Amino acid sequence: MSELDNTGLTERPPMWDDEAPEGVLNPLEGDDAAVREPLSLLGMPEVGKKAKSRDLNRLSEASVPVLEMLSRISDALEGAREGRAWRRRLDHLSKLERTVLNDALGAGEVSMALSPGAPGEGVVQIAETVLPGVWLGIAEDANGAPAAHWVEVADAPRALREAAALRPRADIPFDALTPPRDAMNVMGVLAEIRARSAAWRPDERNHVLNFTLFPMTEADSAFLAKVLGEVGVRVSSGGYGAARVIMTALRNVWAVQYLNGLGAVILDTIEVGDVPASVLASVQDFEDSAARLAEIREAYAS
């Protein structure tokens with residue numbers, strides 16, 4: 001990275017305890033419509049809604065393959081409790097069968113969009129089902145047409161983990177950075193983020209830097225966002241404790257903002273480490289999902 005251009009930064013007094021937080025990494029924020037899009041693209045019902053009774057009637061036309069896939073997902077949930085991930089393509093199912101399967105699984109609270117990672121690839125969109133730890137995904141080709149459908153059971157989708165391993169850079173050229181004139185704390189923050197990014201190991205807990213009441217000027221925020229950057233991976237988690245997650249361009253570093261019901265940032269953080277907890281499914285989630293799936297299978301088989 002060459003020396004960053006510091007022009008265009010606006011002046012603003014530092015944010016102290018008596019000011020409402022707006023989000024240190026607000027410059028990274030963009031239109032989150034692409035993150036919400038998986039729900040409609042995958043043909044899933046509205047978040048938090050179960051399939052309508054009229055959808056259940058269509059099972060007679062797609063019962064065998066759908067029930068078979070639900071059985072495989074049930075087995076995979078048992079394996080997930082022991083740390084085994086599972087993924088299966090759904091392209092062999094007809095459009096009707098995929099629709100019925102989507103209706104059976106419902107829409108959960110987490111969705112994500114991954115921009116193309118290489119020439120010739122398209123956008124990858126993934127949505128959690130009503131069963132935490134069960135994900136539906138679709139990959140587009142370079143022309144925007146659906147190229148692959150799949151279902152997977154894992155704490156986090158494979159595509160997200162692969163992007164986290166391959167897309168961000170390993171380090172930032174700290175010595176080449178020139179902070180803006182009005183910077184106050186950004187270089188110290190970057191030094192800590194850089195050191196923790198390099199030192200983190202998979203068996204360690206994530207380290208969280210909380211900026212909610214941390215004094216940062218607008219110049220600090222803009223420079224921090226510009227240096228960290230992003231790699232085209234955004235995650236949205238709704239429901240109670242809604243969150244927005246952005247994979248930065250520095251390995252093991254995530255921008256995580258927690259929102260209130262009006263969409264305002266109430267907790268503004270950087271997480272250094274694995275996929276943030278607001279996205280991950282836990283062992284308890286797998287257990288709860290297995291029990292709920294048993295009820296769904298019974299309803300669809302009756």
# chains A, B, ... in the order shown; residues from 1 in each chain; ligands from 1
>>> select_by_dssp(residues="segment 112-228 of chain A", states="strand (DSSP E or B)", output="PyMOL selection string")
chain A and resi 112-114+121-128+134-141+146-153+169+207-210
>>> closest_residue(among="A:Ala281, A:Met112, A:Val189, A:Asn102", to="Met69 of chain A", atoms="only C-alpha atoms")
A:Asn102
>>> closest_residue(among="A:Arg88, A:Lys226, A:Arg297, A:His207", to="Gly273 of chain A", atoms="only C-alpha atoms")
A:His207
>>> residues_around(residues="Leu114 of chain A", least_positions_apart="5", cutoff="8 Å", atoms="only C-alpha atoms", output="short mmCIF file (atom, residue, chain, number, x, y, z; two decimals) with N, CA and C atoms, in the first residue's frame")
data_model
loop_
_atom_site.label_atom_id
_atom_site.label_comp_id
_atom_site.auth_asym_id
_atom_site.auth_seq_id
_atom_site.Cartn_x
_atom_site.Cartn_y
_atom_site.Cartn_z
N VAL A 123 -21.80 -13.18 -7.54
CA VAL A 123 -22.07 -12.95 -6.13
C VAL A 123 -22.53 -14.25 -5.47
N VAL A 124 -22.09 -14.47 -4.25
CA VAL A 124 -22.56 -15.58 -3.43
C VAL A 124 -23.44 -15.00 -2.33
N GLN A 125 -24.64 -15.56 -2.18
CA GLN A 125 -25.56 -15.07 -1.17
C GLN A 125 -26.03 -16.24 -0.31
N LEU A 160 -17.91 -18.18 3.74
CA LEU A 160 -17.49 -17.08 4.59
C LEU A 160 -16.10 -17.36 5.16
N GLY A 232 -15.55 -6.84 0.32
CA GLY A 232 -16.78 -7.25 -0.35
C GLY A 232 -17.56 -8.34 0.36
N VAL A 233 -17.43 -8.42 1.69
CA VAL A 233 -18.17 -9.42 2.46
C VAL A 233 -18.91 -8.71 3.58
N ARG A 234 -20.24 -8.76 3.53
CA ARG A 234 -21.06 -8.10 4.53
C ARG A 234 -22.09 -9.07 5.08
#
>>> residues_around(residues="Gly238 of chain A", least_positions_apart="5", cutoff="9 Å", atoms="only C-alpha atoms", output="ChimeraX atom specification")
/A:47,108-111,243-244
>>> write_last_selection(atoms="N, CA and C atoms", output="PDB file, in the first residue's frame")
ATOM      1  N   VAL A  47     -38.466 -13.078   6.990  1.00  0.00           N
ATOM      2  CA  VAL A  47     -37.719 -13.464   8.185  1.00  0.00           C
ATOM      3  C   VAL A  47     -38.662 -13.659   9.363  1.00  0.00           C
ATOM      4  N   GLY A 108     -34.228 -17.365   8.786  1.00  0.00           N
ATOM      5  CA  GLY A 108     -33.700 -16.970  10.075  1.00  0.00           C
ATOM      6  C   GLY A 108     -33.303 -15.508  10.114  1.00  0.00           C
ATOM      7  N   GLU A 109     -32.358 -15.189  10.986  1.00  0.00           N
ATOM      8  CA  GLU A 109     -32.015 -13.788  11.231  1.00  0.00           C
ATOM      9  C   GLU A 109     -30.733 -13.335  10.553  1.00  0.00           C
ATOM     10  N   VAL A 110     -29.921 -14.260  10.028  1.00  0.00           N
ATOM     11  CA  VAL A 110     -28.616 -13.897   9.487  1.00  0.00           C
ATOM     12  C   VAL A 110     -28.600 -14.078   7.978  1.00  0.00           C
ATOM     13  N   SER A 111     -28.123 -13.083   7.269  1.00  0.00           N
ATOM     14  CA  SER A 111     -27.936 -13.190   5.821  1.00  0.00           C
ATOM     15  C   SER A 111     -26.641 -12.501   5.444  1.00  0.00           C
ATOM     16  N   ALA A 243     -27.176  -6.862  14.341  1.00  0.00           N
ATOM     17  CA  ALA A 243     -25.780  -6.481  14.133  1.00  0.00           C
ATOM     18  C   ALA A 243     -25.472  -6.403  12.650  1.00  0.00           C
ATOM     19  N   ARG A 244     -24.477  -5.602  12.331  1.00  0.00           N
ATOM     20  CA  ARG A 244     -23.936  -5.497  10.978  1.00  0.00           C
ATOM     21  C   ARG A 244     -22.455  -5.847  11.078  1.00  0.00           C
TER      22      ARG A 244
END
>>> closest_residue(among="A:Trp200, A:Trp86, A:Phe174, A:Trp254", to="Arg158 of chain A", atoms="only C-alpha atoms")
A:Trp86
